[in-house]
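S.K.: PDB, C-alpha atoms and all ligand atoms, saved as final25.pdb, coming up:
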```pdb
MODEL        1
ATOM      1  CA  MET A   1       0.000   0.000   0.000  1.00  0.00           C
ATOM      2  CA  HIS A   2       1.238   3.446  -0.861  1.00  0.00           C
ATOM      3  CA  LEU A   3       0.932   6.009   1.866  1.00  0.00           C
ATOM      4  CA  THR A   4       1.343   9.733   1.715  1.00  0.00           C
ATOM      5  CA  LEU A   5       1.900  10.808   5.266  1.00  0.00           C
ATOM      6  CA  LYS A   6       1.604  14.335   6.495  1.00  0.00           C
ATOM      7  CA  CYS A   7       4.257  15.596   8.860  1.00  0.00           C
ATOM      8  CA  PRO A   8       2.492  16.692  12.080  1.00  0.00           C
ATOM      9  CA  LYS A   9       4.876  19.613  12.439  1.00  0.00           C
ATOM     10  CA  CYS A  10       5.348  21.153   8.983  1.00  0.00           C
ATOM     11  CA  ASP A  11       2.646  19.453   6.842  1.00  0.00           C
ATOM     12  CA  ALA A  12       5.172  18.116   4.347  1.00  0.00           C
ATOM     13  CA  SER A  13       3.934  15.165   2.271  1.00  0.00           C
ATOM     14  CA  LEU A  14       5.989  12.065   2.932  1.00  0.00           C
ATOM     15  CA  PRO A  15       5.389   9.162   0.533  1.00  0.00           C
ATOM     16  CA  ILE A  16       6.199   5.703   1.865  1.00  0.00           C
ATOM     17  CA  ASP A  17       5.497   2.096   0.950  1.00  0.00           C
ATOM     18  CA  ALA A  18       3.779   0.364   3.850  1.00  0.00           C
ATOM     19  CA  ALA A  19       5.178  -3.067   2.927  1.00  0.00           C
ATOM     20  CA  ASP A  20       8.792  -2.181   3.573  1.00  0.00           C
ATOM     21  CA  SER A  21       8.743   0.912   5.684  1.00  0.00           C
ATOM     22  CA  ALA A  22      10.823   1.378   8.784  1.00  0.00           C
ATOM     23  CA  ALA A  23       9.275   1.848  12.215  1.00  0.00           C
ATOM     24  CA  GLU A  24      10.272   5.476  12.099  1.00  0.00           C
ATOM     25  CA  ILE A  25      10.798   8.007   9.337  1.00  0.00           C
ATOM     26  CA  VAL A  26      12.428  11.392   9.358  1.00  0.00           C
ATOM     27  CA  CYS A  27      10.624  14.318   7.775  1.00  0.00           C
ATOM     28  CA  GLY A  28      12.620  15.781   4.903  1.00  0.00           C
ATOM     29  CA  GLY A  29      11.197  19.222   5.595  1.00  0.00           C
ATOM     30  CA  CYS A  30      11.796  19.757   9.309  1.00  0.00           C
ATOM     31  CA  GLN A  31      13.888  16.688  10.312  1.00  0.00           C
ATOM     32  CA  ARG A  32      11.235  15.666  12.810  1.00  0.00           C
ATOM     33  CA  LYS A  33      11.234  11.959  13.610  1.00  0.00           C
ATOM     34  CA  ILE A  34       7.838  10.385  13.038  1.00  0.00           C
ATOM     35  CA  PRO A  35       7.276   6.977  14.620  1.00  0.00           C
ATOM     36  CA  LEU A  36       5.077   4.733  12.477  1.00  0.00           C
ATOM     37  CA  ASP A  37       2.648   2.208  13.815  1.00  0.00           C
ATOM     38  CA  ILE A  38       1.781   0.244  10.690  1.00  0.00           C
ATOM     39  CA  SER A  39      -0.927  -2.359  11.262  1.00  0.00           C
ATOM     40  CA  ASP A  40      -0.805  -5.802   9.612  1.00  0.00           C
ATOM     41  CA  ALA A  41      -3.788  -4.960   7.398  1.00  0.00           C
ATOM     42  CA  VAL A  42      -2.107  -1.826   6.079  1.00  0.00           C
ATOM     43  CA  ARG A  43       1.192  -3.649   5.554  1.00  0.00           C
ATOM     44  CA  LYS A  44      -0.514  -6.473   3.649  1.00  0.00           C
ATOM     45  CA  GLU A  45      -2.768  -4.065   1.766  1.00  0.00           C
ATOM     46  CA  THR A  46      -6.020  -5.689   2.870  1.00  0.00           C
ATOM     47  CA  ALA A  47      -7.642  -2.748   4.638  1.00  0.00           C
ATOM     48  CA  VAL A  48      -7.029   0.608   6.238  1.00  0.00           C
ATOM     49  CA  ASP A  49      -7.830   0.004   9.873  1.00  0.00           C
ATOM     50  CA  ARG A  50      -5.389   2.172  11.761  1.00  0.00           C
ATOM     51  CA  CYS A  51      -3.430   5.248  10.795  1.00  0.00           C
ATOM     52  CA  PRO A  52       0.328   4.722  11.255  1.00  0.00           C
ATOM     53  CA  VAL A  53       0.941   8.359  12.194  1.00  0.00           C
ATOM     54  CA  CYS A  54      -1.836   9.250  14.642  1.00  0.00           C
ATOM     55  CA  SER A  55      -3.214   5.761  15.469  1.00  0.00           C
ATOM     56  CA  GLY A  56      -6.678   7.027  14.552  1.00  0.00           C
ATOM     57  CA  SER A  57      -9.253   4.700  13.028  1.00  0.00           C
ATOM     58  CA  ASP A  58     -11.542   7.240  11.379  1.00  0.00           C
ATOM     59  CA  PHE A  59     -11.187   7.600   7.642  1.00  0.00           C
ATOM     60  CA  TYR A  60     -13.076   8.948   4.670  1.00  0.00           C
ATOM     61  CA  ILE A  61     -12.991   8.166   0.981  1.00  0.00           C
ATOM     62  CA  ARG A  62     -12.452  10.622  -1.790  1.00  0.00           C
ATOM     63  CA  LYS A  63     -11.531  10.435  -5.457  1.00  0.00           C
ATOM     64  CA  ASP A  64      -7.840  10.591  -6.178  1.00  0.00           C
ATOM     65  CA  PHE A  65      -8.406  13.821  -7.994  1.00  0.00           C
ATOM     66  CA  ASN A  66      -6.088  16.627  -8.871  1.00  0.00           C
ATOM     67  CA  PRO A  67      -8.501  19.595  -8.993  1.00  0.00           C
ATOM     68  CA  THR A  68      -6.173  21.778 -11.047  1.00  0.00           C
ATOM     69  CA  ILE A  69      -6.361  19.393 -14.040  1.00  0.00           C
ATOM     70  CA  GLY A  70     -10.157  19.501 -14.077  1.00  0.00           C
ATOM     71  CA  VAL A  71     -10.252  23.268 -13.779  1.00  0.00           C
ATOM     72  CA  THR A  72      -7.669  23.644 -16.546  1.00  0.00           C
ATOM     73  CA  VAL A  73      -9.667  21.489 -18.981  1.00  0.00           C
ATOM     74  CA  VAL A  74     -12.814  23.501 -18.405  1.00  0.00           C
ATOM     75  CA  ALA A  75     -10.954  26.826 -18.498  1.00  0.00           C
ATOM     76  CA  ILE A  76      -9.284  26.001 -21.837  1.00  0.00           C
ATOM     77  CA  GLY A  77     -12.634  24.806 -23.205  1.00  0.00           C
ATOM     78  CA  ALA A  78     -14.320  28.003 -22.059  1.00  0.00           C
ATOM     79  CA  GLY A  79     -11.556  30.099 -23.633  1.00  0.00           C
ATOM     80  CA  ILE A  80     -11.809  28.442 -27.047  1.00  0.00           C
ATOM     81  CA  SER A  81     -15.575  28.490 -26.894  1.00  0.00           C
ATOM     82  CA  ALA A  82     -15.584  32.244 -26.131  1.00  0.00           C
ATOM     83  CA  VAL A  83     -13.659  32.884 -29.356  1.00  0.00           C
ATOM     84  CA  PHE A  84     -16.260  31.020 -31.438  1.00  0.00           C
ATOM     85  CA  TYR A  85     -19.031  32.739 -29.564  1.00  0.00           C
ATOM     86  CA  TRP A  86     -17.473  36.107 -30.387  1.00  0.00           C
ATOM     87  CA  PHE A  87     -17.611  35.275 -34.090  1.00  0.00           C
ATOM     88  CA  GLY A  88     -21.259  34.292 -33.827  1.00  0.00           C
ATOM     89  CA  ARG A  89     -20.686  30.539 -34.003  1.00  0.00           C
ATOM     90  CA  ASP A  90     -22.891  29.769 -31.025  1.00  0.00           C
ATOM     91  CA  LEU A  91     -23.392  26.129 -31.839  1.00  0.00           C
ATOM     92  CA  ILE A  92     -19.666  25.409 -32.083  1.00  0.00           C
ATOM     93  CA  ALA A  93     -19.088  27.411 -28.918  1.00  0.00           C
ATOM     94  CA  TYR A  94     -21.613  25.370 -26.974  1.00  0.00           C
ATOM     95  CA  SER A  95     -20.284  22.095 -28.378  1.00  0.00           C
ATOM     96  CA  ILE A  96     -16.769  22.890 -27.215  1.00  0.00           C
ATOM     97  CA  LEU A  97     -18.014  23.811 -23.784  1.00  0.00           C
ATOM     98  CA  ALA A  98     -20.020  20.600 -23.547  1.00  0.00           C
ATOM     99  CA  PHE A  99     -17.007  18.609 -24.740  1.00  0.00           C
ATOM    100  CA  ALA A 100     -14.786  20.135 -22.070  1.00  0.00           C
ATOM    101  CA  ALA A 101     -17.330  19.381 -19.356  1.00  0.00           C
ATOM    102  CA  LEU A 102     -17.697  15.813 -20.647  1.00  0.00           C
ATOM    103  CA  THR A 103     -13.924  15.274 -20.692  1.00  0.00           C
ATOM    104  CA  ASP A 104     -13.851  16.448 -17.111  1.00  0.00           C
ATOM    105  CA  LEU A 105     -16.586  13.995 -16.192  1.00  0.00           C
ATOM    106  CA  ILE A 106     -14.853  11.061 -17.886  1.00  0.00           C
ATOM    107  CA  VAL A 107     -11.546  11.841 -16.199  1.00  0.00           C
ATOM    108  CA  TYR A 108     -13.311  12.104 -12.867  1.00  0.00           C
ATOM    109  CA  GLY A 109     -15.132   8.792 -13.345  1.00  0.00           C
ATOM    110  CA  ARG A 110     -11.908   6.941 -14.055  1.00  0.00           C
ATOM    111  CA  LEU A 111     -10.233   8.093 -10.892  1.00  0.00           C
ATOM    112  CA  LYS A 112      -9.569   5.613  -8.158  1.00  0.00           C
ATOM    113  CA  ASP A 113     -10.752   5.931  -4.614  1.00  0.00           C
ATOM    114  CA  LEU A 114      -8.370   6.992  -1.950  1.00  0.00           C
ATOM    115  CA  THR A 115      -8.702   6.744   1.816  1.00  0.00           C
ATOM    116  CA  VAL A 116      -7.788   9.726   3.963  1.00  0.00           C
ATOM    117  CA  CYS A 117      -7.239   9.932   7.710  1.00  0.00           C
ATOM    118  CA  TYR A 118      -9.589  12.442   9.311  1.00  0.00           C
ATOM    119  CA  ARG A 119      -7.084  13.469  11.935  1.00  0.00           C
ATOM    120  CA  CYS A 120      -3.705  13.890  10.279  1.00  0.00           C
ATOM    121  CA  HIS A 121      -4.734  13.796   6.584  1.00  0.00           C
ATOM    122  CA  SER A 122      -2.476  10.902   5.685  1.00  0.00           C
ATOM    123  CA  GLU A 123      -3.518   9.297   2.397  1.00  0.00           C
ATOM    124  CA  PHE A 124      -3.744   5.580   1.606  1.00  0.00           C
ATOM    125  CA  ARG A 125      -3.614   4.239  -1.944  1.00  0.00           C
ATOM    126  CA  GLY A 126      -3.842   0.592  -2.898  1.00  0.00           C
ATOM    127  CA  ALA A 127      -5.927  -2.389  -3.986  1.00  0.00           C
ATOM    128  CA  TYR A 128      -7.492  -2.918  -0.558  1.00  0.00           C
ATOM    129  CA  LYS A 129     -11.238  -2.900   0.059  1.00  0.00           C
ATOM    130  CA  HIS A 130     -12.496   0.640   0.457  1.00  0.00           C
ATOM    131  CA  THR A 131     -14.832   0.543   3.411  1.00  0.00           C
ATOM    132  CA  ALA A 132     -14.652   4.115   4.693  1.00  0.00           C
ATOM    133  CA  ALA A 133     -17.609   6.457   4.222  1.00  0.00           C
ATOM    134  CA  ALA A 134     -17.644   9.724   2.327  1.00  0.00           C
ATOM    135  CA  PHE A 135     -16.299  12.888   3.881  1.00  0.00           C
ATOM    136  CA  ASP A 136     -18.328  14.318   6.740  1.00  0.00           C
ATOM    137  CA  LEU A 137     -17.608  17.902   7.746  1.00  0.00           C
ATOM    138  CA  HIS A 138     -18.783  17.546  11.320  1.00  0.00           C
ATOM    139  CA  THR A 139     -16.643  14.470  11.955  1.00  0.00           C
ATOM    140  CA  ALA A 140     -13.668  16.258  10.394  1.00  0.00           C
ATOM    141  CA  ASP A 141     -14.141  19.283  12.645  1.00  0.00           C
ATOM    142  CA  VAL A 142     -14.276  17.228  15.804  1.00  0.00           C
ATOM    143  CA  LEU A 143     -11.400  14.872  14.969  1.00  0.00           C
ATOM    144  CA  GLU A 144      -9.062  17.492  13.526  1.00  0.00           C
ATOM    145  CA  MET A 145      -9.428  19.629  16.603  1.00  0.00           C
ATOM    146  CA  GLU A 146      -8.799  16.657  18.858  1.00  0.00           C
ATOM    147  CA  TYR A 147      -5.656  15.767  16.910  1.00  0.00           C
ATOM    148  CA  GLU A 148      -4.303  19.308  16.800  1.00  0.00           C
ATOM    149  CA  ARG A 149      -4.714  19.594  20.540  1.00  0.00           C
ATOM    150  CA  LYS A 150      -2.889  16.320  20.948  1.00  0.00           C
ATOM    151  CA  ILE A 151       0.115  17.408  18.891  1.00  0.00           C
ATOM    152  CA  GLY A 152       0.071  20.833  20.505  1.00  0.00           C
ATOM    153  CA  ARG A 153      -1.050  23.027  17.643  1.00  0.00           C
ATOM    154  CA  ARG A 154      -3.923  24.584  19.523  1.00  0.00           C
TER     155      ARG A 154
HETATM  156 ZN    ZN A 201       8.115  18.085   8.888  1.00  0.00          ZN
HETATM  157 ZN    ZN A 202      -3.804   9.784  10.922  1.00  0.00          ZN
ENDMDL
END
```
Could you show the structure in this file as structure tokens?
Ligand SMILES: [Zn+2]
Ligand SMILES: [Zn+2]

M.R.:
Amino acid sequence: MHLTLKCPKCDASLPIDAADSAAEIVCGGCQRKIPLDISDAVRKETAVDRCPVCSGSDFYIRKDFNPTIGVTVVAIGAGISAVFYWFGRDLIAYSILAFAALTDLIVYGRLKDLTVCYRCHSEFRGAYKHTAAAFDLHTADVLEMEYERKIGRR
């Protein structure tokens, strides 16, 4: 399983492979040592049951989506379509716009699910069974605050 951990101190993204990761990693950004508590399920890529960084067991699922790509596709589409619209080619303008939106939709549909830790925002990618629920703002509020108090940010 591929993990993208978030450093509790400086928020740097730290990619690791759960299968052969050490019990402790050092953050490349701030040199902080981060002890990892990798569960058997995470190591064997069967499930995400416990977060190696914060030991939390509350996760949500989101699409592995890079929002800037989607926005760029639509923005380029809108730009080209505006030119046609300017020259009175409404139909072509609308077609291009629709095409851009459709491309966006197809790209989005093909994206894989990704599990994220509510508390420390570590990300889990792999072929395991995705059992977590969708993002819930209230849960995030409560758990993030709890975690930030624990690591002394608040
Ligand atoms: Zn750091
Ligand atoms: Zn966590």

S.K.: Using all atoms listed in the file, pick whichever of A:Ser122, A:Thr131, A:Ser21, A:Thr4 has the shortest atom-to-atom distance to ligand ZN 202 (chain A).

M.R.: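 Among the listed residues, A:Ser122 lies closest to ligand ZN 202 (chain A).
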
S.K.: Between CA of Cys27 in chain A and atom ZN of ligand ZN 201 (chain A), what is the distance in Å, rounded to a tenth?

M.R.: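 Spanning CA of Cys27 in chain A to atom ZN of ligand ZN 201 (chain A) is a straight-line distance of 4.7 Å.
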
S.K.: All residues within 7 Å of ligand ZN 201 (chain A) are required, counting only C-alpha atoms and all ligand atoms; please report them as a PyMOL selection string.

M.R.: chain A and resi 7-12+27-32

S.K.: With a distance cut-off of 9 Å and all atoms listed in the file, select the neighbouring residues of range 143-154 of chain A, excluding the residue or stretch itself and same-chain residues fewer than 6 positions from it, and output the selection as JSON, numbers by chain.

M.R.: {"A": [8, 9, 54, 58, 118, 119, 120, 121]}

S.K.: Given the PyMOL selection byres (((chain A and resi 46) around 10) and not hetatm) and the file above, list the residues it selects as a list in words.

M.R.: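 Selected by the PyMOL selection byres (((chain A and resi 46) around 10) and not hetatm) here: Met1, Asp40, Ala41, Val42, Arg43, Lys44, Glu45, Ala47, Val48, Asp49, Gly126, Ala127, Tyr128, Lys129 and His130 of chain A.
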
S.K.: Expand the PyMOL selection byres (((chain A and resi 67-77) around 7) and not hetatm) into the individual residues it matches in the shown file, reporting them as a PyMOL selection string.

M.R.: chain A and resi 65-66+78-81+96-97+100-101+104

S.K.: Report, in Å with one decimal, the straight-line distance from CA of Glu24 in chain A to CA of Asp141 in chain A.

M.R.: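 A separation of 28.1 Å between them.
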
S.K.: My list of candidates is A:Ala132, A:Cys117, A:Leu3, A:Leu36. Which is closest to ligand ZN 202 (chain A) when distances are computed with all atoms listed in the file?

M.R.: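 That would be A:Cys117, the residue with the smallest distance to ligand ZN 202 (chain A).
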
S.K.: Just need the box for range 95-104 of chain A, edges along x, y and z, holding every atom the file lists for it with 4 Å tacked onto each side, so centre and edge lengths in Å to one decimal, as lines of an AutoDock Vina configuration file.

M.R.:
```
center_x = -17.1
center_y = 19.5
center_z = -22.7
size_x = 14.4
size_y = 16.5
size_z = 19.3
```

S.K.: Can you work out the spacing between CA of Arg62 in chain A and CA of Lys33 in chain A in Å, to one decimal?

M.R.: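 Taking CA of Arg62 in chain A and CA of Lys33 in chain A, their separation equals 28.3 Å.
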
S.K.: Name every residue that the PyMOL selection byres (((chain A and resi 22) around 12) and not hetatm) selects in this structure, writing the answer as a list in words with chains first and numbers rising.

M.R.: Ile16, Asp17, Ala18, Ala19, Asp20, Ser21, Ala23, Glu24, Ile25, Val26, Lys33, Ile34, Pro35, Leu36, Asp37, Ile38, Arg43 and Pro52 of chain A

S.K.: Which is closest to ligand ZN 202 (chain A) among A:Ser55, A:Phe87, A:Ser39, A:Thr115, if we use only C-alpha atoms and all ligand atoms?

M.R.: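 Selected residue with least distance to ligand ZN 202 (chain A): A:Ser55.
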
S.K.: Would you mind telling me which residue in A:Val142, A:Phe124, A:Leu105, A:His2 lies nearest to ligand ZN 202 (chain A) when using all atoms listed in the file?

M.R.: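 Looking only at the distances to ligand ZN 202 (chain A), the closest residue turns out to be A:Phe124.
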
S.K.: Could you check which of A:Cys51, A:Ala134, A:Leu5, A:Val116 is closest to ligand ZN 202 (chain A), using all atoms listed in the file?

M.R.: A:Cys51

S.K.: From the list A:Ala133, A:Tyr94, A:Ala82, A:Pro15, which residue is nearest Ile61 in chain A when using all atoms listed in the file?

M.R.: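 Of all the options, A:Ala133 lies closest to Ile61 in chain A.
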